[in-house]
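A short worksheet on the structure shown next.
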Amino acid sequence: MPLYHNDDQAMLKDSVAPFVAEQAPVSHLRKLRDEADATGFSRDLWAQFTEMGLPGMLVPEAHGGLGMGHMEAGIVLEEIGRNLTPSPFLATSVGAVAALAKAGGTQAGRWLPAIAGGEAIVALAIDEGAKHRPDRIATTATRAGNGFRLDGKKSFVLHGHVADMSIVAAKTDGGITLFAVPKDAKGLTADPRRLVDSSLASHVTLDGVEVDADAVIGEVDAGGDILDVLLAATRTGAAAEMVGVGQGAMDMTVNYLKERKQFGKLIGEFQALQHRAAHLYGEMEVARATVMKAQQLLDEGSEGAKLMVSVAKAKAGRAANLAVREGVQMHGGIGMTDEYDIGLYMKRDRALAEFMGDVHYHIDQVARMNGY
Amino acid sequence: MSDQDAFRAEVRAWLEANCPPEMREPVRDEGDVCWGGRKWVFKNDAQKQWLEACAAKGYTVPDWPKEYGGAGLTPEQTKILKQEMKRINARSPLDSFGIWMLGPALLKFGTEEQKVHYLNQIARGEIRWCQGYSEPGSGSDLVSLQTLGEDNGDHWVVNGSKIWTSYADKADWIFCLVRTDKANKYQGITFMLFDMESKGVTTKPILLISGNSPFCETFFDDVEVPKTQFVGEINRGWDVAKYLLGHEREMISGGGAGGDMVSIGGTFAKAIGKNDHGELDDPILRAEMAAFDVDVFAYRAMGERFMDMWKTGRAHPASSNMMKYVGTELNKRRHELVMSGGGSEALEWDSPETKGGARPRAWLRTKANSIEGGTSEVMLNVIAKRILDLPGA
């Protein structure tokens, strides 16, 4: 498969890009922020997403979705990134759907149609500390009665306080098991915190939460493989969103170079800035290609996908970070003001960079996957 | 079976039958890279056999039309052929500036007669070409070139000198930028073709910091060039040159990052050693190598996307400048890490254990990557102007 969008994907982009730009531009984020919105996203906008079938893009057709791939989901995520749109799309429609579709069974049948119908928001309760360390999960699931009792603390759980269900990764006797924990489960509390990018992520406490045996996603002790699928999907999605954030920041900055005058010249005439902008362009193009390659390998079910996913998260992280830093610097003083959007791009980039493993985590993973 | 699968099966069977086992071994020295030409001495029968088999099939230039010596493959088929060759580690049957540079220029600007004549020679590896672009006073500012072709009826009389002419001492013919109108800077250059054995042509190899001499100074002293031997239009050679520079950048960028998905850290794991956790036993170098691996794997995805888009006309026409810039800077970084990984062993200049100082020589050679074919700074200028549309660039 060539590494560019085919006609169907180009059509998808042509419909999604103007939709997101019109319905949820940066002013939409500002409005939610300024009104101290308690949900973390707009339910009206999510209803519009649902009308377009977007929440169920990755949901298999048998479960009421569109059965599309990561390449298609990436198109939506890039636009979400470019417009800084607050949305549960990444966690719910990409991460959770990938895991549920992989696992199949009761929970897939229960939640996939609900996600596709825009009725269910799902949170990913994976991280436990300040850094992403999915190999060191300490939350426990112990057998109790007909099911399990969950104990532990989770952090950085996006949409955790409004999620209809949370996918909780816990240690069981013989490995990792994933559980579908409904929002009304006794002993489950989600304490939302406002993050630097105005999103809401929860500290989640599982204090003797009791779930039935059929809450298990996939098989007991065999959650590691499903977790890998969840992580690969979410990381690739976050990378695609970062490409959107970086591209949005870069476009805004390049436009500014063509408008702002100092010393009687447009500042874009200065070679010092031209070269930095041109370097950034190259980094963004490489990041975009890398993310597409990861999406393609995931969609093909290729063995090389895991490596490329870490490469993509690291590369997109580096490139988008450069884009927002250069963006603020090249905007000069006004780049520091809340009035200009460039600072909002810097904030969103920082949150996405941390989500599901930062640049350093994934560089380290690349070394490990290559035997050093 | 899809058409593509059928083609893949056909290619696979052909390679199996025609690629000699010796040609599936890694390239060990310069003689293993076949450049062809009148003066070429084949290293062994296998090299000759492989070139001839590929030339007969059109596989030295698979995507060129059949009437010009190619196999007329589509971009998708060309990609499959490359994948299948890589799968069996098949060596390139023929490397040449004719294939990479002059060929594309002729395909776009040549007359039918020129295409049939020159392209078939290139495809069969009969004529080895060199490129006469840079001059002592015209490097990055190439259009200021001074080599002069004076009109003398049915021929030009060419005087001047070129520099950095790759393998001029081994080449049969040169494609050369010559000023034919002193009054017109951009529209006063003609893209000429002539035999390096013409009277008045001399070459002198230049010793580089690597200790090797892949480049020459080339001098023209009253060289007579028939006025039929030019590409495009007289005085419009700059159009051809610019187009061709795009291909040179494509070539350098394609080869620049080098190699497969081979991890640099993995390569040095044995030399540097590992700690109890299986990590490279030099944490800072490990981190630098891993960061480099990320960039190189990412660049390979970029290379794939660039070629897919370039071959189907989807790429921005100036995007090869970005490829060249990113790829060459990456390759320089690779060789800095190779030197760090090799430690004091990588300093040895001529010992047999180091294959005559292969590493330091290669390291030094890469420093030219971001100078030749347009410096990194010129690439950034072009990106700023043509892609980002920045003012006054």
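Starting from 1 in every chain, residues are counted up; chains themselves are A, B, ... following the order of the structure tokens, and ligands are numbered from 1 as listed.
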Contact check, chain B to chain A, at most 6 Å, counting only C-alpha atoms, closest pairs as a Markdown table:
| residue | atom | partner | partner_atom | distance |
| --- | --- | --- | --- | --- |
| B:Gly266 | CA | A:Asn370 | CA | 5.7 |
| B:Glu279 | CA | A:Tyr372 | CA | 4.7 |
| B:Leu280 | CA | A:Tyr372 | CA | 5.2 |
| B:Ala290 | CA | A:Ala367 | CA | 5.3 |
| B:Ala291 | CA | A:Ile363 | CA | 5.8 |
| B:Val294 | CA | A:Val311 | CA | 5.2 |
| B:Ala298 | CA | A:Thr290 | CA | 5.1 |
| B:Ala301 | CA | A:Thr290 | CA | 5.3 |
| B:Met302 | CA | A:Ala289 | CA | 5.0 |
| B:Arg305 | CA | A:Leu3 | CA | 4.8 |
| B:Asp308 | CA | A:Pro2 | CA | 5.8 |
| B:Met322 | CA | A:Gly282 | CA | 5.8 |
| B:Leu380 | CA | A:His275 | CA | 5.4 |
| B:Ile383 | CA | A:Ala278 | CA | 5.6 |
| B:Ala384 | CA | A:Ala278 | CA | 5.4 |
| B:Leu390 | CA | A:Gly268 | CA | 5.6 |
| B:Pro391 | CA | A:Glu269 | CA | 5.2 |
| B:Gly392 | CA | A:Glu269 | CA | 5.1 |
Selection from above, C-alpha atoms, as a tab-separated table (two decimals), in the first residue's frame, can you write it?
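Saved to selection_2.tsv:
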chain	number	residue	atom	x	y	z
B	266	GLY	CA	21.97	-3.03	18.06
B	279	GLU	CA	21.21	-2.33	28.14
B	280	LEU	CA	24.16	-0.89	26.27
B	290	ALA	CA	18.30	5.23	20.51
B	291	ALA	CA	17.27	8.79	19.68
B	294	VAL	CA	14.03	6.84	16.14
B	298	ALA	CA	11.18	7.78	10.97
B	301	ALA	CA	9.00	6.02	6.56
B	302	MET	CA	9.45	9.51	5.11
B	305	ARG	CA	6.11	8.20	1.53
B	308	ASP	CA	5.26	6.92	-3.29
B	322	MET	CA	13.67	18.65	2.31
B	380	LEU	CA	16.61	25.47	3.77
B	383	ILE	CA	12.14	25.15	1.39
B	384	ALA	CA	11.53	28.61	2.85
B	390	LEU	CA	8.20	33.09	2.95
B	391	PRO	CA	8.81	36.64	1.71
B	392	GLY	CA	12.07	37.77	0.15
- request: Find the residues around range 152-158 of chain B up to 8 Å (only C-alpha atoms counted), leave out those fewer than 2 positions away in its own chain, and share them as a VMD selection string.
  value: chain B and resid 147 to 150 160 178 220 to 227
Would you mind exporting the chosen residues as a PDB file, in the first residue's frame, restricted to N, CA and C atoms?
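Dumped to part35.pdb:
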ATOM      1  N   THR B 147      32.435  28.795 -17.337  1.00  0.00           N
ATOM      2  CA  THR B 147      32.945  27.984 -18.450  1.00  0.00           C
ATOM      3  C   THR B 147      32.208  28.413 -19.719  1.00  0.00           C
ATOM      4  N   LEU B 148      32.991  28.780 -20.731  1.00  0.00           N
ATOM      5  CA  LEU B 148      32.402  29.461 -21.888  1.00  0.00           C
ATOM      6  C   LEU B 148      32.414  28.593 -23.142  1.00  0.00           C
ATOM      7  N   GLY B 149      31.286  28.573 -23.837  1.00  0.00           N
ATOM      8  CA  GLY B 149      31.209  27.891 -25.124  1.00  0.00           C
ATOM      9  C   GLY B 149      31.010  28.942 -26.214  1.00  0.00           C
ATOM     10  N   GLU B 150      32.035  29.161 -27.021  1.00  0.00           N
ATOM     11  CA  GLU B 150      31.921  30.178 -28.078  1.00  0.00           C
ATOM     12  C   GLU B 150      31.436  29.534 -29.362  1.00  0.00           C
ATOM     13  N   GLY B 160      37.375  26.520 -19.995  1.00  0.00           N
ATOM     14  CA  GLY B 160      37.052  26.757 -18.591  1.00  0.00           C
ATOM     15  C   GLY B 160      37.399  25.539 -17.756  1.00  0.00           C
ATOM     16  N   VAL B 178      27.430  24.926 -19.655  1.00  0.00           N
ATOM     17  CA  VAL B 178      28.371  25.825 -20.311  1.00  0.00           C
ATOM     18  C   VAL B 178      27.671  27.139 -20.640  1.00  0.00           C
ATOM     19  N   PHE B 220      38.928  22.305 -19.535  1.00  0.00           N
ATOM     20  CA  PHE B 220      38.557  22.333 -20.957  1.00  0.00           C
ATOM     21  C   PHE B 220      39.399  23.390 -21.661  1.00  0.00           C
ATOM     22  N   ASP B 221      40.142  22.934 -22.645  1.00  0.00           N
ATOM     23  CA  ASP B 221      41.037  23.833 -23.358  1.00  0.00           C
ATOM     24  C   ASP B 221      40.718  23.742 -24.856  1.00  0.00           C
ATOM     25  N   ASP B 222      39.932  24.681 -25.335  1.00  0.00           N
ATOM     26  CA  ASP B 222      39.484  24.684 -26.736  1.00  0.00           C
ATOM     27  C   ASP B 222      38.836  23.354 -27.141  1.00  0.00           C
ATOM     28  N   VAL B 223      37.951  22.857 -26.314  1.00  0.00           N
ATOM     29  CA  VAL B 223      37.257  21.601 -26.625  1.00  0.00           C
ATOM     30  C   VAL B 223      36.145  21.890 -27.643  1.00  0.00           C
ATOM     31  N   GLU B 224      36.125  21.122 -28.723  1.00  0.00           N
ATOM     32  CA  GLU B 224      35.107  21.340 -29.753  1.00  0.00           C
ATOM     33  C   GLU B 224      33.901  20.428 -29.498  1.00  0.00           C
ATOM     34  N   VAL B 225      32.748  21.041 -29.338  1.00  0.00           N
ATOM     35  CA  VAL B 225      31.523  20.277 -29.098  1.00  0.00           C
ATOM     36  C   VAL B 225      30.536  20.561 -30.238  1.00  0.00           C
ATOM     37  N   PRO B 226      30.163  19.523 -31.002  1.00  0.00           N
ATOM     38  CA  PRO B 226      29.212  19.724 -32.103  1.00  0.00           C
ATOM     39  C   PRO B 226      27.916  20.366 -31.600  1.00  0.00           C
ATOM     40  N   LYS B 227      27.342  21.241 -32.379  1.00  0.00           N
ATOM     41  CA  LYS B 227      26.162  21.977 -31.917  1.00  0.00           C
ATOM     42  C   LYS B 227      24.877  21.152 -31.959  1.00  0.00           C
TER      43      LYS B 227
END
query: Hey, what's within 8 Å of Val157 in chain A if we count only C-alpha atoms and toss same-chain stuff fewer than 6 positions away? As a PyMOL selection string, please?
result: chain A and resi 123-127+201-204
Residues from last step as file, C-alpha atoms, as an mmCIF file, in the first residue's frame:
data_model
loop_
_atom_site.group_PDB
_atom_site.id
_atom_site.type_symbol
_atom_site.label_atom_id
_atom_site.label_comp_id
_atom_site.auth_asym_id
_atom_site.auth_seq_id
_atom_site.Cartn_x
_atom_site.Cartn_y
_atom_site.Cartn_z
ATOM 1 C CA ALA A 123 -11.897 5.894 30.087
ATOM 2 C CA LEU A 124 -8.524 4.143 30.152
ATOM 3 C CA ALA A 125 -7.334 3.524 33.697
ATOM 4 C CA ILE A 126 -3.794 2.325 33.024
ATOM 5 C CA ASP A 127 -1.244 4.720 34.548
ATOM 6 C CA ALA A 201 -8.094 13.930 33.973
ATOM 7 C CA SER A 202 -8.953 11.997 37.088
ATOM 8 C CA HIS A 203 -7.184 10.401 39.958
ATOM 9 C CA VAL A 204 -9.171 7.189 40.215
#
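As for CA of Met379 in chain B and CA of Lys324 in chain B, they are spaced 7.6 Å apart.
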message: Under the rule that only C-alpha atoms are counted, which of A:Ala213, A:Leu195, A:Ile176, A:Ala96 is the nearest residue to Asn146 in chain A?
response: A:Ala213
